[in-house]
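Here is the structure we will look at.
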Amino acid sequence: MNADTVAAVQPAVQLEGITKRFPGVVANHDIRITVEPGTVHAIVGENGAGKSTLMKILYGMQKPDEGTIRVNGAEVSFRTPSDAIATGIGMVHQHFMLADNFTVLENIVLGAEPRKGLTLDVGGARARVNELAERHGLRVDPDRLVEDLGVGDRQRVEILKVLYRGARILILDEPTAVLVPQEVDELFDNLRELKAGGLTVIFISHKLDEVLDIADAITVIRRGTTVASVDPGDVTARRLAELMVGSELPTPETRESTVTDAVMLQVSALTMEAEGYRPVPKGASVELYVDSLRAEGRRLLLDGVSFEIHQGEILGIAGVEGNGQSELIEAIMGMRLAHGDISLGGADIASWSTLRRREAGIGYIPEDRHRQGLLLEASLWENRVLGHQTRPPARRGIWVNRRAAKADTQRIVQDYDVRTPGVDTLALALSGGNQQKLIVGREMSGEPKFLIAAHPTRGVDVGAQAAIWDHLRDARAAGLAVLLISADLDELIGLSDTLHVIYRGRLVARLDPSDVTPERLGGYMTGAITGTEET
Amino acid sequence: MPAGLFRALLTVAGAVAAIVVAIVISSVAIIAAGASPEAAFAAFFDFGETERSVVNGIATMLNRAVPLFIAGLAVAVGFRMNLFNIGVEGQYRIAAICAAYVGSTFTAPAPIQIAVIIVVAAAVGGFYALIPAVMKVTRGVNEVISTIMLNYIAINLAAFLVRGPFTGQRAEGQLTTSTPVMPESAWFPDLNWIFEVLGLPAPRGGGLWGFLTVAILLGVGLWVLLERTRFGFEVKASGLNPSAALASGVNPKKMIISAMVLSGAIAGLIGLPEILGDKHSFGSNFTPGLGFLGIAVALLGRNKPVGIAVAALLFGFLDRAQGPLQFANVPPSVIMIMQGTIVLLVVIANEITSRIALRREERRAAQQLGRNTPVEVAA
């Protein structure tokens, strides 16, 4: 496409000063994006940076509190996704929304069925779908059942579905997250054809190499706002990563090492199957069984993960999300069965229940505080009891010790600077940062020996972030062993004593955080650098 | 105004609004049925002329409310954990016939005899609820489906037992079959003395069933269990956020089993007020449908013992008017229309009021913080 003609026409999408607040949190703040027609425009940012809120706004699922949206020059206001569709905006969701027991054709027309009298105009629909598929090079057999299709084909069906409804602007939310590399190449070929056909594609991702490969323009979002619009020709992946993570953030540097010789947590050969846990057949050893799984080519979510964490050590795990981090946490917490050994302070805990592990001194700051960490519709003191319901001060015999629980919540509110009207306030009334500080305070209570901190500062403001880092550092100095899992590379490099990289369920590298750069770390995380282990 | 008081007032306001709208809708139904709404609503409050008939009316209302209250409690235990125990219906029927039969097979001092009957009823109800719980935990069978199916089995099994293995001597001139009549030591003492103390005549028939006291104790006990104990906390956590409960070491399978069994054990007691207080046997004319009504009562009472008590009394009050409505030439099915609309409207009102309360809480916290504390400092 010629650059001069692009400049002459109206932008396909123009967002001006979009701001969206949720109670206590600003999800988007003064977002400005201009998407030229007939281009692939990438929006990159970390998880939790506000990309999905922005897309929901653009697709009519949420209304912005401030700001204007212009589509092809005309100001629009969407109340529902139907309004967005009517304007020619279509969304391909990360998780496919297809009916498995319908054919491709049926799925595409579902909800927008062409009628002939009272019956479905199958012939007309097929002709139109074939014509669309032909024109955009999206080859799928319209009569196959969706359940028989692979992931790449399903995605093409989703794109066709959106095109069938007349979309000229396509939003693709993390489209490559579920694809293998060959499928990614095919998708990119499809996107190039769409672009050649004059369509506009908004491509959301945090995979920088892919973005540089496909995008004509890139907008970077960090902490809810647009921080830069760059041309992919002028930037390196490294520069993009810096823009995404932000190098002016307070650096979480740990001072002197407090690592001791005493091993607190030891994990060896932890392996988890994708298709659900199956017990090792009688007589076979775990190693042989796992080897046989590998030989059969089964997908392993965790593949022979081994590490040890000493008292006073923070062990960081770096990795692109979805490479086994959640599964590792669930295995250590005893929420999901896995093969291999886990021991805490010398005791084999692999067969223990989650409750027993917690009672033995494992604390857990979950990656998603609303899903795993809080009872939003319960008071703060009840949230203090959560996870400690069998231990003092929360418990007295069969009773919940309300007075002691409230008093101890008061202590957390003070020591951890939780901004709240009182301990009887419902957890949902607090801002994200204060909810997180409460969780950190709770998980540090009862003298834990080992703490899992998964994205401990995700979605919290800068002040709370610094406070949480301080608490982690203090606890480490006091002898706590910490497993830190984070997407924030500065946080990982700054806090960790040891750094492992997880890639496709394997620990692929062990790095020294004192001399690793985010760029090299990124190389290991994406599998670009392999093999060279160092200590 | 404290947040708790505000929430309570809001709930009451919502319920009152729902009842007013339900009255309006029922009036339309009454007019459509060709009767006069005034006559119908007068009938609800018409407890008769004499003191004795007023007392009879009150006893009828309370006797109806007690089983409904217990049924509401049984359903609420499941609801609190997002478990839909539709099987209360089957659980109470199978428990009732087993308890009535066991109670007729021996004679012991009254307290022991009655205690044994109560324990048998609770055990049978709990066991019958254990079946869907185990199916859910081990095989992931949805408890709604399995309990509905088990209801059919229980209802027909009870019908078979009362005609077959558990049948007793049919009394002269009786058309219904029933289990053997229990010895008098299994008759729960009535509460007619309350009326006598107040200088009123005792009600007719079985009078005011003494099981009312057991129901009150049960309600208080359940409140304590759910609101003050560790078990209650785990039930609440599992209901509010199952993933957080799991991550906190609450064993979801154990919770499903124990909540279902507790629900079933309470359900087992639903039939006892009638059996111990009035019929002294399980007959083919035993009151059906209490389990299903219990779902409505629990919804109306927002799964809280006090709310369930109020809801059960309201249902008892409406049901009592069966007779007076017929005298007033109003079809008594108006009662069911009213009950149905009240439940529907209260569910809507609950949703609205809880949203208002939550939003207010958020705003209040935000305001208070805005006033009292400085802006968050950046590091």
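Naming scheme: A, B, ... for chains in displayed order of the structure tokens; residues 1 onward per chain; ligands 1 onward as shown.
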* Find the residues near A:Val13: any atom within 9 Å, counting only C-alpha atoms, skip ones fewer than 4 places away on the same chain, and give them as a ChimeraX atom specification. => /A:33-37,69-73,169
Requested write-out: C-alpha atoms of the selected residues, as an mmCIF file, in the first residue's frame:
```
data_model
loop_
_atom_site.group_PDB
_atom_site.id
_atom_site.type_symbol
_atom_site.label_atom_id
_atom_site.label_comp_id
_atom_site.auth_asym_id
_atom_site.auth_seq_id
_atom_site.Cartn_x
_atom_site.Cartn_y
_atom_site.Cartn_z
ATOM 1 C CA ILE A 33 -4.463 5.319 19.266
ATOM 2 C CA THR A 34 -4.815 6.029 15.576
ATOM 3 C CA VAL A 35 -5.206 3.041 13.301
ATOM 4 C CA GLU A 36 -4.774 3.670 9.588
ATOM 5 C CA PRO A 37 -7.038 1.711 7.239
ATOM 6 C CA ILE A 69 -14.036 6.716 19.558
ATOM 7 C CA ARG A 70 -14.056 7.543 15.860
ATOM 8 C CA VAL A 71 -14.536 4.915 13.195
ATOM 9 C CA ASN A 72 -13.725 6.051 9.655
ATOM 10 C CA GLY A 73 -13.902 9.628 10.836
ATOM 11 C CA ILE A 169 -11.982 -3.796 11.037
#
```
* In stretch 459-525 of chain A, DSSP helix (DSSP H, G or I) residues written as an MDAnalysis selection string -> chainID A and resid 462:477 489:495 513:515 518:525
Sorted by chain and rising residue number, list the residues of chain A at most 6 Å from chain B (counting only C-alpha atoms), each with its closest atom pair and distance in Å to one decimal, as CSV.
```
residue,atom,partner,partner_atom,distance
A:Thr354,CA,B:Gly249,CA,4.7
A:Leu355,CA,B:Gly249,CA,3.8
A:Gln372,CA,B:Ala244,CA,3.8
A:Gly373,CA,B:Ala244,CA,5.4
A:Gly387,CA,B:Ser248,CA,4.0
A:Ile398,CA,B:Thr229,CA,5.7
A:Trp399,CA,B:Thr229,CA,4.1
A:Val400,CA,B:Thr229,CA,5.1
A:Pro421,CA,B:Ala365,CA,5.9
A:Ala429,CA,B:Glu362,CA,4.2
A:Val462,CA,B:Ala378,CA,5.8
A:Gly463,CA,B:Ala378,CA,4.4
A:Ala466,CA,B:Ala379,CA,5.9
```
* Compile the contact shell of stretch 507-520 of chain A as number ranges by chain: residues with an atom at most 7 Å away, counting only C-alpha atoms, same-chain residues fewer than 3 positions apart removed. => A: 238, 305, 489, 493, 496-503, 523-524, 533-535
* Structure fact -> Using only C-alpha atoms, the shortest atom-to-atom distance to B:Pro67 among B:Gly103, B:Pro332, B:Pro324, B:Gly271 belongs to B:Gly271
* Asked: Which is closest to B:Ala259 among B:Gly34, B:Gly72, B:Gly126, B:Gly87, if we use only C-alpha atoms?
  ->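 Using only C-alpha atoms, B:Ala259 sits closest to B:Gly126.
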* Name the residues of stretch 158-273 of chain A that fall into strand (DSSP E or B) according to DSSP on the backbone, using the chain letters and numbers of this document, as an MDAnalysis selection string. => chainID A and resid 169:173 200:205 217:222 225:230 263:273
* Suppose you want the space between atom CA of A:Arg336 and atom CA of A:Met272; what is it in Å? -> 8.9 Å
* To do: Would you mind listing what lies within 8 Å of B:Ile295 as JSON, numbers by chain, with only C-alpha atoms counted and same-chain residues fewer than 2 positions away left out?
  => {"B": [71, 72, 75, 76, 86, 291, 292, 293, 297, 298, 299]}
Just to be explicit: take each residue in the selection above, keep C-alpha atoms, and write the result as a CSV table (one decimal), in the first residue's frame.
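Below you can see out25.csv, which holds the result:
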```csv
chain,number,residue,atom,x,y,z
B,71,ALA,CA,-37.6,-27.7,54.6
B,72,GLY,CA,-36.3,-24.2,54.0
B,75,VAL,CA,-32.5,-26.4,51.1
B,76,ALA,CA,-30.6,-23.3,52.4
B,86,ILE,CA,-33.8,-30.5,44.7
B,291,GLY,CA,-39.5,-30.3,49.8
B,292,PHE,CA,-40.3,-28.3,46.7
B,293,LEU,CA,-42.0,-25.6,48.8
B,297,VAL,CA,-39.1,-20.7,51.4
B,298,ALA,CA,-35.2,-20.8,51.3
B,299,LEU,CA,-35.1,-18.3,48.4
```
With 7 Å as the cut-off and only C-alpha atoms counted, what is the closest atom pair between each nearby residue of stretch 65-116 of chain B and stretch 273-283 of chain B? Distances in Å to one decimal, ordered by chain and number, as a Markdown table.
```
| residue | atom | partner | partner_atom | distance |
| --- | --- | --- | --- | --- |
| B:Pro67 | CA | B:Pro273 | CA | 6.7 |
| B:Ala96 | CA | B:Phe282 | CA | 6.9 |
| B:Ile97 | CA | B:Phe282 | CA | 5.5 |
| B:Ala100 | CA | B:Ser281 | CA | 5.5 |
```
* **Surrounding residues of stretch 143-145 of chain A excluding itself and chain neighbours under 5 positions, 6 Å, only C-alpha atoms, as a ChimeraX atom specification** => /A:102-104
Export C-alpha atoms of the chosen residues as an mmCIF file, in the first residue's frame?
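Result written to out29.cif:
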```cif
data_model
loop_
_atom_site.group_PDB
_atom_site.id
_atom_site.type_symbol
_atom_site.label_atom_id
_atom_site.label_comp_id
_atom_site.auth_asym_id
_atom_site.auth_seq_id
_atom_site.Cartn_x
_atom_site.Cartn_y
_atom_site.Cartn_z
ATOM 1 C CA PHE A 102 -22.120 -27.685 14.116
ATOM 2 C CA THR A 103 -20.489 -27.573 10.714
ATOM 3 C CA VAL A 104 -18.219 -24.726 9.698
#
```
* Asked: By how many Å are atom CA of B:Phe327 and atom CA of B:Val20 apart?
  ->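 We find that atom CA of B:Phe327 and atom CA of B:Val20 lie 24.3 Å from each other.
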Could you pull the residues within 9 Å of stretch 467-476 of chain A, counting only C-alpha atoms, minus those fewer than 5 positions along the same chain, as a PDB file with C-alpha atoms, in the first residue's frame?
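Result saved to part21.pdb:
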```pdb
ATOM      1  CA  PRO A 252      13.403  -3.771  43.103  1.00  0.00           C
ATOM      2  CA  THR A 254      17.902  -6.620  46.742  1.00  0.00           C
ATOM      3  CA  ARG A 255      21.024  -5.596  48.622  1.00  0.00           C
ATOM      4  CA  THR A 258      20.851 -13.608  52.712  1.00  0.00           C
ATOM      5  CA  VAL A 259      20.856 -17.078  51.193  1.00  0.00           C
ATOM      6  CA  GLN A 311      16.118 -20.248  53.623  1.00  0.00           C
ATOM      7  CA  GLY A 312      16.515 -16.564  52.874  1.00  0.00           C
ATOM      8  CA  GLU A 313      16.510 -17.106  49.135  1.00  0.00           C
ATOM      9  CA  ILE A 314      14.205 -15.735  46.481  1.00  0.00           C
ATOM     10  CA  TYR A 416       0.971  -3.297  55.681  1.00  0.00           C
ATOM     11  CA  ASP A 417      -0.680   0.077  55.229  1.00  0.00           C
ATOM     12  CA  GLN A 436      -3.040  -7.136  47.390  1.00  0.00           C
ATOM     13  CA  LYS A 437      -1.398  -5.671  50.504  1.00  0.00           C
ATOM     14  CA  VAL A 440       0.532 -10.216  51.324  1.00  0.00           C
ATOM     15  CA  GLY A 441      -0.039  -9.450  55.008  1.00  0.00           C
ATOM     16  CA  MET A 444       3.105 -13.518  55.802  1.00  0.00           C
ATOM     17  CA  ALA A 453       4.534 -15.127  45.211  1.00  0.00           C
ATOM     18  CA  PRO A 456       2.790 -10.155  43.538  1.00  0.00           C
ATOM     19  CA  THR A 457       2.600  -6.634  42.130  1.00  0.00           C
ATOM     20  CA  VAL A 462       3.571   2.096  42.037  1.00  0.00           C
ATOM     21  CA  ALA A 481      12.225 -19.019  51.174  1.00  0.00           C
ATOM     22  CA  VAL A 482      10.345 -17.466  48.279  1.00  0.00           C
ATOM     23  CA  GLU A 491      10.994  -7.355  39.336  1.00  0.00           C
ATOM     24  CA  LEU A 495      14.445  -9.406  43.636  1.00  0.00           C
TER      25      LEU A 495
ATOM     26  CA  ALA B 379       7.880   5.220  45.948  1.00  0.00           C
TER      27      ALA B 379
END
```
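Across A:Met61, A:Ser268, A:Ile529, A:Gly38, the tightest approach to A:Glu193 is made by A:Gly38 when counting only C-alpha atoms.
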List as a PDB file with N, CA and C atoms, in the first residue's frame the protein and nucleic acid residues near B:Phe45, meaning an atom at most 10 Å away when only C-alpha atoms are counted, but skip any in the same chain fewer than 2 places from it.
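Saved to result-v2.pdb:
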```pdb
ATOM      1  N   ALA B  40     -61.288 -11.782  48.893  1.00  0.00           N
ATOM      2  CA  ALA B  40     -60.175 -12.717  49.034  1.00  0.00           C
ATOM      3  C   ALA B  40     -59.229 -12.256  50.132  1.00  0.00           C
ATOM      4  N   PHE B  41     -58.861 -10.982  50.102  1.00  0.00           N
ATOM      5  CA  PHE B  41     -57.892 -10.531  51.104  1.00  0.00           C
ATOM      6  C   PHE B  41     -58.507 -10.469  52.490  1.00  0.00           C
ATOM      7  N   ALA B  42     -59.824 -10.233  52.539  1.00  0.00           N
ATOM      8  CA  ALA B  42     -60.502 -10.305  53.836  1.00  0.00           C
ATOM      9  C   ALA B  42     -60.399 -11.722  54.371  1.00  0.00           C
ATOM     10  N   ALA B  43     -60.522 -12.711  53.445  1.00  0.00           N
ATOM     11  CA  ALA B  43     -60.494 -14.107  53.879  1.00  0.00           C
ATOM     12  C   ALA B  43     -59.159 -14.471  54.504  1.00  0.00           C
ATOM     13  N   PHE B  47     -59.947 -14.990  60.711  1.00  0.00           N
ATOM     14  CA  PHE B  47     -59.612 -16.148  61.546  1.00  0.00           C
ATOM     15  C   PHE B  47     -60.847 -16.667  62.271  1.00  0.00           C
ATOM     16  N   GLY B  48     -62.017 -16.164  61.927  1.00  0.00           N
ATOM     17  CA  GLY B  48     -63.257 -16.660  62.542  1.00  0.00           C
ATOM     18  C   GLY B  48     -63.752 -15.743  63.637  1.00  0.00           C
ATOM     19  N   GLY B  57     -57.037 -21.290  63.962  1.00  0.00           N
ATOM     20  CA  GLY B  57     -56.384 -20.729  62.781  1.00  0.00           C
ATOM     21  C   GLY B  57     -54.905 -20.540  63.016  1.00  0.00           C
ATOM     22  N   PHE B 317     -49.264 -18.675  56.759  1.00  0.00           N
ATOM     23  CA  PHE B 317     -50.369 -17.720  56.826  1.00  0.00           C
ATOM     24  C   PHE B 317     -51.230 -17.814  55.565  1.00  0.00           C
ATOM     25  N   LEU B 318     -50.582 -17.875  54.417  1.00  0.00           N
ATOM     26  CA  LEU B 318     -51.339 -17.954  53.161  1.00  0.00           C
ATOM     27  C   LEU B 318     -52.074 -19.289  53.042  1.00  0.00           C
ATOM     28  N   ARG B 320     -53.131 -21.219  55.337  1.00  0.00           N
ATOM     29  CA  ARG B 320     -54.226 -21.379  56.295  1.00  0.00           C
ATOM     30  C   ARG B 320     -55.567 -20.946  55.694  1.00  0.00           C
ATOM     31  N   ALA B 321     -55.496 -20.021  54.728  1.00  0.00           N
ATOM     32  CA  ALA B 321     -56.722 -19.418  54.217  1.00  0.00           C
ATOM     33  C   ALA B 321     -57.460 -20.304  53.227  1.00  0.00           C
ATOM     34  N   PRO B 324     -61.316 -20.452  54.478  1.00  0.00           N
ATOM     35  CA  PRO B 324     -62.006 -19.162  54.357  1.00  0.00           C
ATOM     36  C   PRO B 324     -62.146 -18.698  52.912  1.00  0.00           C
TER      37      PRO B 324
END
```
* To do: May I ask which of the residues B:Val235, B:Ala110, B:Ala65, B:Leu161 is the closest one to B:Asn82, counting only C-alpha atoms?
  => B:Val235
* **Separation of atom CA of A:Arg128 from atom CA of A:Glu186 in Å** =>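 Separation of atom CA of A:Glu186 and atom CA of A:Arg128: 22.6 Å.
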